[in-house]
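To be precise, the following lines are start38.txt, and they hold compact mmCIF, C-alpha atoms.
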# COMPACT_ATOMS: atom_id res chain seq x y z
CA MET A 30 201.50 77.37 117.35
CA TRP A 31 197.90 77.75 118.54
CA ARG A 32 197.09 80.17 115.73
CA TYR A 33 197.40 77.27 113.27
CA PHE A 34 195.77 74.73 115.54
CA ALA A 35 192.76 76.77 116.72
CA PRO A 36 191.01 77.14 113.31
CA ALA A 37 191.48 73.42 112.60
CA ALA A 38 190.10 72.55 116.04
CA GLY A 39 187.13 74.87 115.48
CA PHE A 40 186.48 73.28 112.10
CA LEU A 41 186.63 69.76 113.54
CA ALA A 42 184.26 70.76 116.34
CA LEU A 43 181.73 71.97 113.75
CA VAL A 44 182.15 68.74 111.73
CA ALA A 45 181.51 66.73 114.92
CA LEU A 46 178.42 68.82 115.78
CA PHE A 47 176.86 68.58 112.31
CA GLY A 48 177.78 64.90 112.02
CA PHE A 49 176.13 64.15 115.36
CA ALA A 50 172.92 65.92 114.33
CA LEU A 51 172.88 64.25 110.89
CA LEU A 52 173.34 60.80 112.42
CA ARG A 53 170.46 61.43 114.83
CA ILE A 54 168.24 62.54 111.95
CA GLY A 55 169.34 59.54 109.85
CA SER A 56 168.53 57.08 112.61
CA GLY A 57 165.13 58.66 113.18
CA LYS A 58 165.93 59.83 116.74
CA LEU A 59 165.61 63.46 115.73
CA ASP A 60 162.81 64.82 113.55
CA ILE A 61 163.67 68.39 112.62
CA ARG A 62 160.16 68.99 111.27
CA GLU A 63 158.46 67.95 114.49
CA ILE A 64 156.85 70.79 116.42
CA LYS A 65 156.47 69.91 120.08
CA SER A 66 152.81 70.31 120.91
CA PRO A 67 152.08 73.00 123.50
CA LEU A 68 148.88 71.05 124.26
CA ILE A 69 150.58 68.23 126.15
CA GLY A 70 149.61 68.47 129.81
CA HIS A 71 146.75 70.84 128.94
CA PRO A 72 143.02 70.20 128.46
CA ALA A 73 142.09 68.76 125.07
CA PRO A 74 140.33 71.34 122.87
CA ALA A 75 136.54 71.06 122.90
CA PHE A 76 134.54 70.54 119.72
CA VAL A 77 131.01 69.89 118.50
CA LEU A 78 131.08 68.41 115.01
CA PRO A 79 128.76 66.34 112.84
CA SER A 80 129.34 62.59 112.75
CA LEU A 81 130.75 61.33 109.46
CA THR A 82 128.59 58.22 109.54
CA GLU A 83 125.38 59.97 110.68
CA PRO A 84 125.69 63.58 109.45
CA THR A 85 122.55 64.71 111.31
CA ARG A 86 124.04 63.72 114.68
CA GLN A 87 126.49 66.04 116.46
CA ILE A 88 129.48 64.65 118.34
CA ASP A 89 130.22 66.71 121.44
CA SER A 90 133.72 66.28 122.88
CA ARG A 91 132.22 66.54 126.39
CA SER A 92 130.53 63.17 125.81
CA LEU A 93 134.03 61.61 125.55
CA ALA A 94 134.97 62.59 129.11
CA GLY A 95 135.33 59.99 131.83
CA LYS A 96 137.64 57.56 130.06
CA PRO A 97 140.79 57.90 128.00
CA TYR A 98 140.62 57.97 124.25
CA VAL A 99 142.85 58.12 121.21
CA PHE A 100 142.24 61.07 118.87
CA ASN A 101 143.41 60.46 115.32
CA VAL A 102 143.43 63.13 112.59
CA TRP A 103 143.17 61.70 109.10
CA GLY A 104 141.84 62.23 105.58
CA THR A 105 141.42 60.15 102.47
CA TRP A 106 143.77 62.60 100.68
CA CYS A 107 146.57 61.66 103.07
CA ALA A 108 148.87 58.85 101.93
CA GLU A 109 150.51 58.32 105.33
CA CYS A 110 147.04 57.76 106.82
CA ARG A 111 146.60 54.77 104.55
CA ALA A 112 150.00 53.51 105.72
CA GLU A 113 149.00 53.66 109.41
CA HIS A 114 145.50 52.26 108.94
CA SER A 115 146.32 48.65 109.85
CA ALA A 116 148.09 49.86 113.02
CA LEU A 117 145.00 51.90 113.95
CA LEU A 118 142.82 48.81 113.48
CA ALA A 119 145.16 46.85 115.76
CA ILE A 120 145.14 49.63 118.39
CA ALA A 121 141.33 49.74 118.30
CA ARG A 122 141.24 45.97 118.75
CA THR A 123 143.89 45.51 121.44
CA GLY A 124 144.67 48.96 122.87
CA GLY A 125 141.74 48.93 125.28
CA VAL A 126 140.76 52.55 124.59
CA PRO A 127 138.37 53.88 121.93
CA VAL A 128 139.84 55.57 118.85
CA ILE A 129 138.06 58.78 117.87
CA GLY A 130 138.69 59.98 114.33
CA LEU A 131 138.78 63.53 113.02
CA ASP A 132 138.18 63.46 109.28
CA TRP A 133 140.04 66.62 108.28
CA LYS A 134 138.61 68.63 105.33
CA ASP A 135 137.56 65.56 103.43
CA ASP A 136 135.00 64.40 100.91
CA HIS A 137 132.34 62.53 102.90
CA GLN A 138 131.55 59.93 100.27
CA GLU A 139 135.22 59.11 99.74
CA ALA A 140 135.76 58.94 103.51
CA LEU A 141 132.86 56.50 103.93
CA SER A 142 134.04 54.23 101.13
CA TYR A 143 137.62 54.41 102.49
CA LEU A 144 136.38 53.09 105.85
CA ALA A 145 134.14 50.50 104.18
CA THR A 146 137.08 49.19 102.13
CA LEU A 147 139.92 49.30 104.68
CA GLY A 148 137.89 48.70 107.85
CA ASN A 149 136.74 51.18 110.47
CA PRO A 150 138.92 51.49 113.59
CA TYR A 151 136.93 54.44 114.93
CA ALA A 152 134.36 54.41 117.71
CA GLU A 153 133.29 57.83 116.38
CA VAL A 154 134.39 59.90 113.40
CA ALA A 155 133.85 63.66 113.57
CA ALA A 156 133.83 65.52 110.25
CA ASP A 157 135.93 68.71 110.45
CA ASN A 158 134.75 70.29 107.22
CA ASP A 159 136.21 73.76 107.65
CA GLY A 160 139.40 72.71 109.46
CA ARG A 161 138.81 74.83 112.57
CA THR A 162 138.93 71.94 115.02
CA ALA A 163 142.23 70.75 113.49
CA ILE A 164 143.68 74.23 114.11
CA ASP A 165 142.42 74.11 117.72
CA TRP A 166 144.35 70.86 118.16
CA GLY A 167 147.48 72.40 116.62
CA VAL A 168 147.41 69.94 113.73
CA TYR A 169 149.85 70.74 110.92
CA GLY A 170 149.93 67.56 108.87
CA ALA A 171 147.88 64.39 108.91
CA PRO A 172 148.16 61.84 110.30
CA GLU A 173 148.49 63.05 113.86
CA THR A 174 147.47 61.02 116.87
CA PHE A 175 146.80 62.18 120.43
CA LEU A 176 146.14 60.34 123.68
CA VAL A 177 143.65 62.06 125.99
CA SER A 178 143.20 61.06 129.64
CA ALA A 179 139.92 60.33 131.41
CA GLU A 180 140.19 63.86 132.88
CA GLY A 181 140.39 65.31 129.38
CA VAL A 182 144.11 66.17 129.46
CA VAL A 183 146.33 65.60 126.41
CA LEU A 184 148.93 63.02 127.47
CA ALA A 185 150.87 62.35 124.28
CA LYS A 186 151.02 63.21 120.62
CA HIS A 187 152.53 61.42 117.64
CA ILE A 188 153.10 63.13 114.31
CA GLY A 189 153.19 60.90 111.24
CA ALA A 190 152.03 57.32 110.79
CA ILE A 191 151.49 55.51 114.07
CA SER A 192 152.66 51.93 114.52
CA MET A 193 152.35 49.32 117.27
CA THR A 194 155.95 50.19 118.29
CA VAL A 195 155.05 53.87 118.70
CA TRP A 196 151.91 52.87 120.57
CA GLN A 197 153.89 50.68 122.98
CA GLN A 198 156.60 53.30 123.56
CA LYS A 199 154.74 56.61 123.55
CA PHE A 200 151.11 55.91 124.37
CA ALA A 201 150.60 52.68 126.33
CA PRO A 202 152.85 53.71 129.29
CA HIS A 203 150.44 56.59 130.02
CA LEU A 204 147.51 54.23 130.54
CA LYS A 205 146.79 52.82 133.95
CA ALA A 206 145.55 49.23 134.34
CA GLY A 207 142.06 50.45 135.20
CA ASP A 208 141.85 52.59 132.07
CA ARG A 209 141.51 49.71 129.69
CA SER A 210 138.08 48.34 129.16
CA MET B 10 165.82 88.17 72.23
CA SER B 11 163.11 85.53 72.47
CA ARG B 12 164.97 84.10 75.45
CA TRP B 13 164.64 87.42 77.25
CA LEU B 14 160.97 87.62 76.38
CA THR B 15 160.44 84.14 77.83
CA PHE B 16 162.33 85.18 80.95
CA ALA B 17 160.21 88.32 81.32
CA ALA B 18 157.02 86.31 80.85
CA LEU B 19 158.10 83.76 83.48
CA ALA B 20 159.05 86.56 85.87
CA LEU B 21 155.54 87.95 85.53
CA VAL B 22 154.08 84.53 86.28
CA THR B 23 156.17 84.15 89.46
CA CYS B 24 155.18 87.65 90.61
CA GLY B 25 151.58 86.50 90.49
CA ALA B 26 152.47 83.37 92.44
CA LEU B 27 153.83 85.45 95.32
CA ALA B 28 150.40 86.85 96.11
CA ILE B 29 148.25 83.95 97.28
CA ASP B 30 145.24 86.06 98.23
CA THR B 31 143.39 87.05 95.08
CA GLU B 32 141.58 89.95 96.71
CA ALA B 33 142.04 92.22 99.70
CA ALA B 34 140.85 90.79 103.01
CA PHE B 35 139.53 94.14 104.27
CA PRO B 36 138.09 97.22 102.56
CA ASP B 37 139.93 99.62 104.87
CA ALA B 38 143.69 100.15 104.78
CA ALA B 39 144.26 99.97 108.53
CA ARG B 40 142.85 96.48 109.02
CA GLN B 41 144.38 95.29 105.73
CA ALA B 42 147.79 96.46 106.98
CA ARG B 43 147.34 94.53 110.24
CA TYR B 44 146.24 91.47 108.28
CA ASP B 45 149.26 91.73 105.95
CA ARG B 46 151.62 92.10 108.89
CA TRP B 47 150.17 89.05 110.66
CA ILE B 48 150.18 86.73 107.66
CA HIS B 49 153.86 87.58 107.10
CA GLU B 50 154.63 87.07 110.79
CA LEU B 51 153.11 83.57 111.03
CA ARG B 52 154.95 80.55 109.74
CA CYS B 53 153.18 77.94 107.67
CA VAL B 54 153.70 75.06 110.09
CA GLN B 55 153.06 72.52 107.36
CA CYS B 56 155.72 73.66 104.86
CA GLN B 57 157.80 75.34 107.60
CA ASN B 58 159.93 77.59 105.39
CA ALA B 59 157.27 80.02 104.24
CA ALA B 60 154.98 82.50 105.90
CA ILE B 61 151.26 81.73 105.64
CA ALA B 62 151.09 84.75 103.30
CA ASP B 63 153.11 82.90 100.65
CA SER B 64 152.07 79.29 101.16
CA PRO B 65 149.62 77.56 98.83
CA VAL B 66 148.75 74.70 101.22
CA GLY B 67 145.30 74.34 102.72
CA LEU B 68 146.36 74.84 106.32
CA ALA B 69 147.94 78.21 105.47
CA ALA B 70 144.67 79.28 103.87
CA ASP B 71 142.80 78.19 107.02
CA LEU B 72 145.21 80.16 109.21
CA ARG B 73 144.84 83.26 106.99
CA ARG B 74 141.07 82.90 107.40
CA GLN B 75 141.58 82.62 111.17
CA VAL B 76 143.65 85.84 111.25
CA LYS B 77 141.06 87.61 109.11
CA ASP B 78 138.21 86.46 111.37
CA MET B 79 140.01 87.54 114.53
CA ILE B 80 140.83 91.00 113.12
CA ALA B 81 137.25 91.36 111.88
CA ALA B 82 136.03 90.45 115.38
CA GLY B 83 138.16 93.27 116.81
CA GLN B 84 140.63 91.03 118.62
CA SER B 85 143.96 92.50 119.73
CA ASP B 86 147.43 91.53 118.46
CA ALA B 87 148.08 89.88 121.83
CA GLN B 88 144.96 87.74 121.40
CA ILE B 89 146.00 86.65 117.90
CA LYS B 90 149.50 85.84 119.12
CA ALA B 91 148.15 83.88 122.10
CA PHE B 92 145.72 81.94 119.88
CA MET B 93 148.52 80.84 117.55
CA THR B 94 151.17 80.01 120.16
CA GLU B 95 148.72 78.08 122.37
CA ARG B 96 148.17 75.76 119.41
CA TYR B 97 151.46 75.71 117.53
CA GLY B 98 154.05 76.97 120.03
CA ASP B 99 156.58 79.76 119.46
CA PHE B 100 157.70 78.05 116.24
CA VAL B 101 154.70 79.55 114.47
CA LEU B 102 156.13 83.05 115.03
CA TYR B 103 158.87 84.38 112.76
CA ASP B 104 159.82 86.68 115.64
CA PRO B 105 160.47 84.29 118.56
CA PRO B 106 160.04 85.80 122.04
CA LEU B 107 162.96 86.29 124.41
CA THR B 108 162.83 83.39 126.85
CA ALA B 109 165.40 81.34 128.73
CA ARG B 110 165.56 78.96 125.74
CA THR B 111 166.16 81.72 123.19
CA TYR B 112 168.70 83.92 125.05
CA PHE B 113 171.55 82.45 123.00
CA LEU B 114 169.63 82.87 119.74
CA TRP B 115 169.13 86.56 120.43
CA ALA B 116 172.56 87.16 121.96
CA ALA B 117 174.54 85.31 119.26
CA PRO B 118 174.81 88.22 116.76
CA LEU B 119 176.00 90.56 119.51
CA LEU B 120 178.52 87.96 120.74
CA PHE B 121 179.89 87.52 117.20
CA VAL B 122 180.25 91.29 116.74
CA LEU B 123 181.95 91.68 120.14
CA GLY B 124 184.27 88.76 119.36
CA GLY B 125 185.19 90.34 116.01
CA VAL B 126 185.81 93.74 117.58
CA GLY B 127 187.99 92.06 120.22
CA LEU B 128 190.07 90.30 117.55
CA VAL B 129 190.53 93.48 115.51
CA ALA B 130 191.51 95.45 118.64
CA ARG B 131 194.06 92.82 119.60
CA VAL B 132 195.66 92.83 116.14
CA ILE B 133 195.80 96.64 116.09
CA VAL B 134 197.37 96.83 119.57
CA ARG B 135 199.95 94.16 118.71
CA ARG B 136 200.90 95.75 115.38
CA SER B 137 201.12 99.25 116.86
CA LYS B 138 203.64 97.96 119.42
CA ALA B 139 205.83 96.35 116.76
CA PRO B 140 208.69 98.36 115.19
CA ILE B 141 207.57 99.98 111.95
CA ASP B 142 210.15 98.28 109.76
CA SER B 143 209.57 94.73 110.89
CA ASP B 144 206.68 92.44 109.91
CA PRO B 145 205.06 91.04 113.06
CA GLU B 146 204.12 87.85 111.19
CA GLU B 147 207.79 87.07 110.52
CA PRO B 148 209.83 85.68 113.39
CA ALA B 149 212.57 88.19 114.17

Please express the file's structure as structure tokens.
Amino acid sequence: MWRYFAPAAGFLALVALFGFALLRIGSGKLDIREIKSPLIGHPAPAFVLPSLTEPTRQIDSRSLAGKPYVFNVWGTWCAECRAEHSALLAIARTGGVPVIGLDWKDDHQEALSYLATLGNPYAEVAADNDGRTAIDWGVYGAPETFLVSAEGVVLAKHIGAISMTVWQQKFAPHLKAGDRS
Amino acid sequence: MSRWLTFAALALVTCGALAIDTEAAFPDAARQARYDRWIHELRCVQCQNAAIADSPVGLAADLRRQVKDMIAAGQSDAQIKAFMTERYGDFVLYDPPLTARTYFLWAAPLLFVLGGVGLVARVIVRRSKAPIDSDPEEPA
């Protein structure tokens, strides 16, 4: 008897397994392309990069220490970045922590007119012209957004367009009352 | 005939597309071989189903440049591997290390082979016990 039943049971078990995974992907609970960042819980990578708005001035990541900040990787060539821009503006306005931008391998003039047109959520924008800082942060597709603690430790990372919902669920719980200014 | 010529021409075009680098990274064969091995070992984390050797995206080019720079600076394979996994995790390697999370991944082929051998052995033992004239599949 079992020799007829066992293959059918095995088949149904596989159907259940694949169905479960597909449903989780469909509902957005599981992102199979997401690579869990090994940086979480580790010090944020250091950088010294020219400012996008004042190219003669260098932005040193050490100057960001002492209070938490949001680190957002973007580019004018990135469509999803446009989609998240209004959420970034809202986070900059109400989140209570500065948003630092990393303009990843971008055309400076286009980046400046992009910010002039859509609004500038960034306290600082560092221009990563050769893409080395993005590699240091383990970036593999813009937009990516990190939360860094006052001690300089990476607390959270979101891959893809950020929204107020993501902010509330993934980022805000990491911030203590005293962190917000 | 012309269809075959078109096919041959397209095949030539795709052969060119496989080699992303237009020139050798190193003048000497030893370092070039190390470079070639590394760019085939590292996954393009952006497109995820290609090695950085075969991927046309910008990040893959940046990672090839990183490998080239590290080899040129005399860094060891362990240093290159550590650099990549500290940033992108084990997923960046096409040869994932043996850790508690990957025991099953590495053991699975062996388990399947052992399971198959077990099944075959069982069938052979059962059939060798059956009388030669009778079919063991048929109820006696």

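Using only C-alpha atoms, the protein and nucleic acid residues lying at most 12 Å from the point (163.2, 53.7, 121.8) are Ser56, Gly57, Lys58, Leu59, Thr194, Val195, Trp196, Gln197, Gln198 and Lys199 of chain A.
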
Enumerate, in order of chain and increasing residue number, the residues of chain B with an atom no farther than 10 Å from chain A, each with its shortest atom pair and distance in Å to one decimal, counting only C-alpha atoms, as JSON lines.
{"residue": "B:Cys53", "atom": "CA", "partner": "A:Tyr169", "partner_atom": "CA", "distance": 8.6}
{"residue": "B:Val54", "atom": "CA", "partner": "A:Tyr169", "partner_atom": "CA", "distance": 5.8}
{"residue": "B:Gln55", "atom": "CA", "partner": "A:Tyr169", "partner_atom": "CA", "distance": 5.1}
{"residue": "B:Cys56", "atom": "CA", "partner": "A:Tyr169", "partner_atom": "CA", "distance": 8.9}
{"residue": "B:Gln57", "atom": "CA", "partner": "A:Arg62", "partner_atom": "CA", "distance": 7.7}
{"residue": "B:Gly67", "atom": "CA", "partner": "A:Gly160", "partner_atom": "CA", "distance": 9.1}
{"residue": "B:Leu68", "atom": "CA", "partner": "A:Tyr169", "partner_atom": "CA", "distance": 7.1}
{"residue": "B:Ala69", "atom": "CA", "partner": "A:Tyr169", "partner_atom": "CA", "distance": 9.4}
{"residue": "B:Asp71", "atom": "CA", "partner": "A:Gly160", "partner_atom": "CA", "distance": 6.9}
{"residue": "B:Leu72", "atom": "CA", "partner": "A:Ile164", "partner_atom": "CA", "distance": 7.8}
{"residue": "B:Arg74", "atom": "CA", "partner": "A:Arg161", "partner_atom": "CA", "distance": 9.8}
{"residue": "B:Gln75", "atom": "CA", "partner": "A:Arg161", "partner_atom": "CA", "distance": 8.4}
{"residue": "B:Phe92", "atom": "CA", "partner": "A:Asp165", "partner_atom": "CA", "distance": 8.8}
{"residue": "B:Met93", "atom": "CA", "partner": "A:Gly167", "partner_atom": "CA", "distance": 8.6}
{"residue": "B:Thr94", "atom": "CA", "partner": "A:Pro67", "partner_atom": "CA", "distance": 7.8}
{"residue": "B:Glu95", "atom": "CA", "partner": "A:Pro67", "partner_atom": "CA", "distance": 6.2}
{"residue": "B:Arg96", "atom": "CA", "partner": "A:Gly167", "partner_atom": "CA", "distance": 4.4}
{"residue": "B:Tyr97", "atom": "CA", "partner": "A:Gly167", "partner_atom": "CA", "distance": 5.3}
{"residue": "B:Gly98", "atom": "CA", "partner": "A:Pro67", "partner_atom": "CA", "distance": 5.6}
{"residue": "B:Asp99", "atom": "CA", "partner": "A:Pro67", "partner_atom": "CA", "distance": 9.1}
{"residue": "B:Phe100", "atom": "CA", "partner": "A:Ile64", "partner_atom": "CA", "distance": 7.3}
{"residue": "B:Val101", "atom": "CA", "partner": "A:Ile64", "partner_atom": "CA", "distance": 9.2}

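Every protein or nucleic acid residue with an atom no more than 6 Å from A:Ala190, counting only C-alpha atoms and leaving out same-chain residues fewer than 3 positions away, appears here: Glu109, Glu113 and Pro172 of chain A.
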
Report as an NGL selection string all protein, DNA and RNA residues lying within 7 Å of A:Lys186, evaluated on all atoms listed in the file, omitting residues in the same chain fewer than 4 positions from it.
:A and (174-176)

Which neighbours of stretch 95-107 of chain A fall inside 6 Å, counting all atoms listed in the file, when residues of the same chain fewer than 2 positions from it are skipped, and could you give them as a JSON list (two decimals) with C-alpha atoms, in the frame of the given file?
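Saved to part_5.json:
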[["chain", "number", "residue", "atom", "x", "y", "z"],
["A", 109, "GLU", "CA", 150.51, 58.32, 105.33],
["A", 110, "CYS", "CA", 147.04, 57.76, 106.82],
["A", 126, "VAL", "CA", 140.76, 52.55, 124.59],
["A", 127, "PRO", "CA", 138.37, 53.88, 121.93],
["A", 128, "VAL", "CA", 139.84, 55.57, 118.85],
["A", 129, "ILE", "CA", 138.06, 58.78, 117.87],
["A", 130, "GLY", "CA", 138.69, 59.98, 114.33],
["A", 131, "LEU", "CA", 138.78, 63.53, 113.02],
["A", 132, "ASP", "CA", 138.18, 63.46, 109.28],
["A", 133, "TRP", "CA", 140.04, 66.62, 108.28],
["A", 135, "ASP", "CA", 137.56, 65.56, 103.43],
["A", 140, "ALA", "CA", 135.76, 58.94, 103.51],
["A", 171, "ALA", "CA", 147.88, 64.39, 108.91],
["A", 172, "PRO", "CA", 148.16, 61.84, 110.30],
["A", 173, "GLU", "CA", 148.49, 63.05, 113.86],
["A", 174, "THR", "CA", 147.47, 61.02, 116.87],
["A", 175, "PHE", "CA", 146.80, 62.18, 120.43],
["A", 176, "LEU", "CA", 146.14, 60.34, 123.68],
["A", 177, "VAL", "CA", 143.65, 62.06, 125.99],
["A", 178, "SER", "CA", 143.20, 61.06, 129.64],
["A", 179, "ALA", "CA", 139.92, 60.33, 131.41]]

Kindly compute an axis-aligned box around the listed atoms of stretch 117-134 of chain B, allowing 4 Å on each side, and express its centre and edge lengths in Å to one decimal as lines of an AutoDock Vina configuration file.
center_x = 186.0
center_y = 91.1
center_z = 118.1
size_x = 30.8
size_y = 19.5
size_z = 13.2

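If you measure from each of B:Glu32, B:Asp37, B:Glu50, B:Asp104 to B:Ala62 using all atoms listed in the file, the closest one turns out to be B:Glu50.
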
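Interatomic distance, atom CA of A:Leu147 against atom CA of A:His114: 7.6 Å.
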
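Distance-wise, atom CA of A:Ala73 and atom CA of A:Phe200 end up 15.7 Å apart.
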
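Atom CA of A:Ala116 sits 18.4 Å away from atom CA of A:His203.
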
Would you fill out stretch 171-193 of chain A with N, CA and C atoms and return it as a CSV table (one decimal), keeping the file's coordinate frame?
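File produced: rebuild-v1.csv:
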chain,number,residue,atom,x,y,z
A,171,ALA,N,148.4,65.7,108.6
A,171,ALA,CA,147.9,64.4,108.9
A,171,ALA,C,148.9,63.3,108.5
A,172,PRO,N,148.9,62.1,109.1
A,172,PRO,CA,148.2,61.8,110.3
A,172,PRO,C,148.8,62.3,111.6
A,173,GLU,N,148.0,62.7,112.5
A,173,GLU,CA,148.5,63.0,113.9
A,173,GLU,C,147.6,62.3,114.9
A,174,THR,N,148.2,61.8,115.9
A,174,THR,CA,147.5,61.0,116.9
A,174,THR,C,147.8,61.5,118.3
A,175,PHE,N,146.7,61.7,119.1
A,175,PHE,CA,146.8,62.2,120.4
A,175,PHE,C,146.3,61.1,121.4
A,176,LEU,N,146.7,61.1,122.6
A,176,LEU,CA,146.1,60.3,123.7
A,176,LEU,C,145.6,61.3,124.7
A,177,VAL,N,144.3,61.2,125.0
A,177,VAL,CA,143.6,62.1,126.0
A,177,VAL,C,143.2,61.2,127.2
A,178,SER,N,143.5,61.8,128.4
A,178,SER,CA,143.2,61.1,129.6
A,178,SER,C,141.7,61.1,130.0
A,179,ALA,N,141.3,60.3,131.0
A,179,ALA,CA,139.9,60.3,131.4
A,179,ALA,C,139.5,61.7,131.9
A,180,GLU,N,140.5,62.5,132.4
A,180,GLU,CA,140.2,63.9,132.9
A,180,GLU,C,140.2,64.9,131.7
A,181,GLY,N,140.4,64.4,130.5
A,181,GLY,CA,140.4,65.3,129.4
A,181,GLY,C,141.7,66.1,129.1
A,182,VAL,N,142.8,65.5,129.6
A,182,VAL,CA,144.1,66.2,129.5
A,182,VAL,C,144.9,65.4,128.4
A,183,VAL,N,145.5,66.2,127.5
A,183,VAL,CA,146.3,65.6,126.4
A,183,VAL,C,147.6,65.0,127.0
A,184,LEU,N,147.8,63.7,126.9
A,184,LEU,CA,148.9,63.0,127.5
A,184,LEU,C,150.1,62.9,126.5
A,185,ALA,N,149.8,62.6,125.2
A,185,ALA,CA,150.9,62.4,124.3
A,185,ALA,C,150.4,62.7,122.9
A,186,LYS,N,151.4,62.9,122.0
A,186,LYS,CA,151.0,63.2,120.6
A,186,LYS,C,152.1,62.6,119.7
A,187,HIS,N,151.6,62.0,118.6
A,187,HIS,CA,152.5,61.4,117.6
A,187,HIS,C,152.2,62.0,116.3
A,188,ILE,N,153.3,62.5,115.6
A,188,ILE,CA,153.1,63.1,114.3
A,188,ILE,C,153.6,62.1,113.3
A,189,GLY,N,152.8,61.9,112.2
A,189,GLY,CA,153.2,60.9,111.2
A,189,GLY,C,152.5,59.6,111.5
A,190,ALA,N,152.7,58.6,110.7
A,190,ALA,CA,152.0,57.3,110.8
A,190,ALA,C,152.3,56.7,112.1
A,191,ILE,N,151.3,56.2,112.8
A,191,ILE,CA,151.5,55.5,114.1
A,191,ILE,C,151.7,54.0,113.8
A,192,SER,N,152.4,53.4,114.7
A,192,SER,CA,152.7,51.9,114.5
A,192,SER,C,152.5,51.3,115.9
A,193,MET,N,152.5,50.0,116.0
A,193,MET,CA,152.4,49.3,117.3
A,193,MET,C,153.6,49.7,118.1
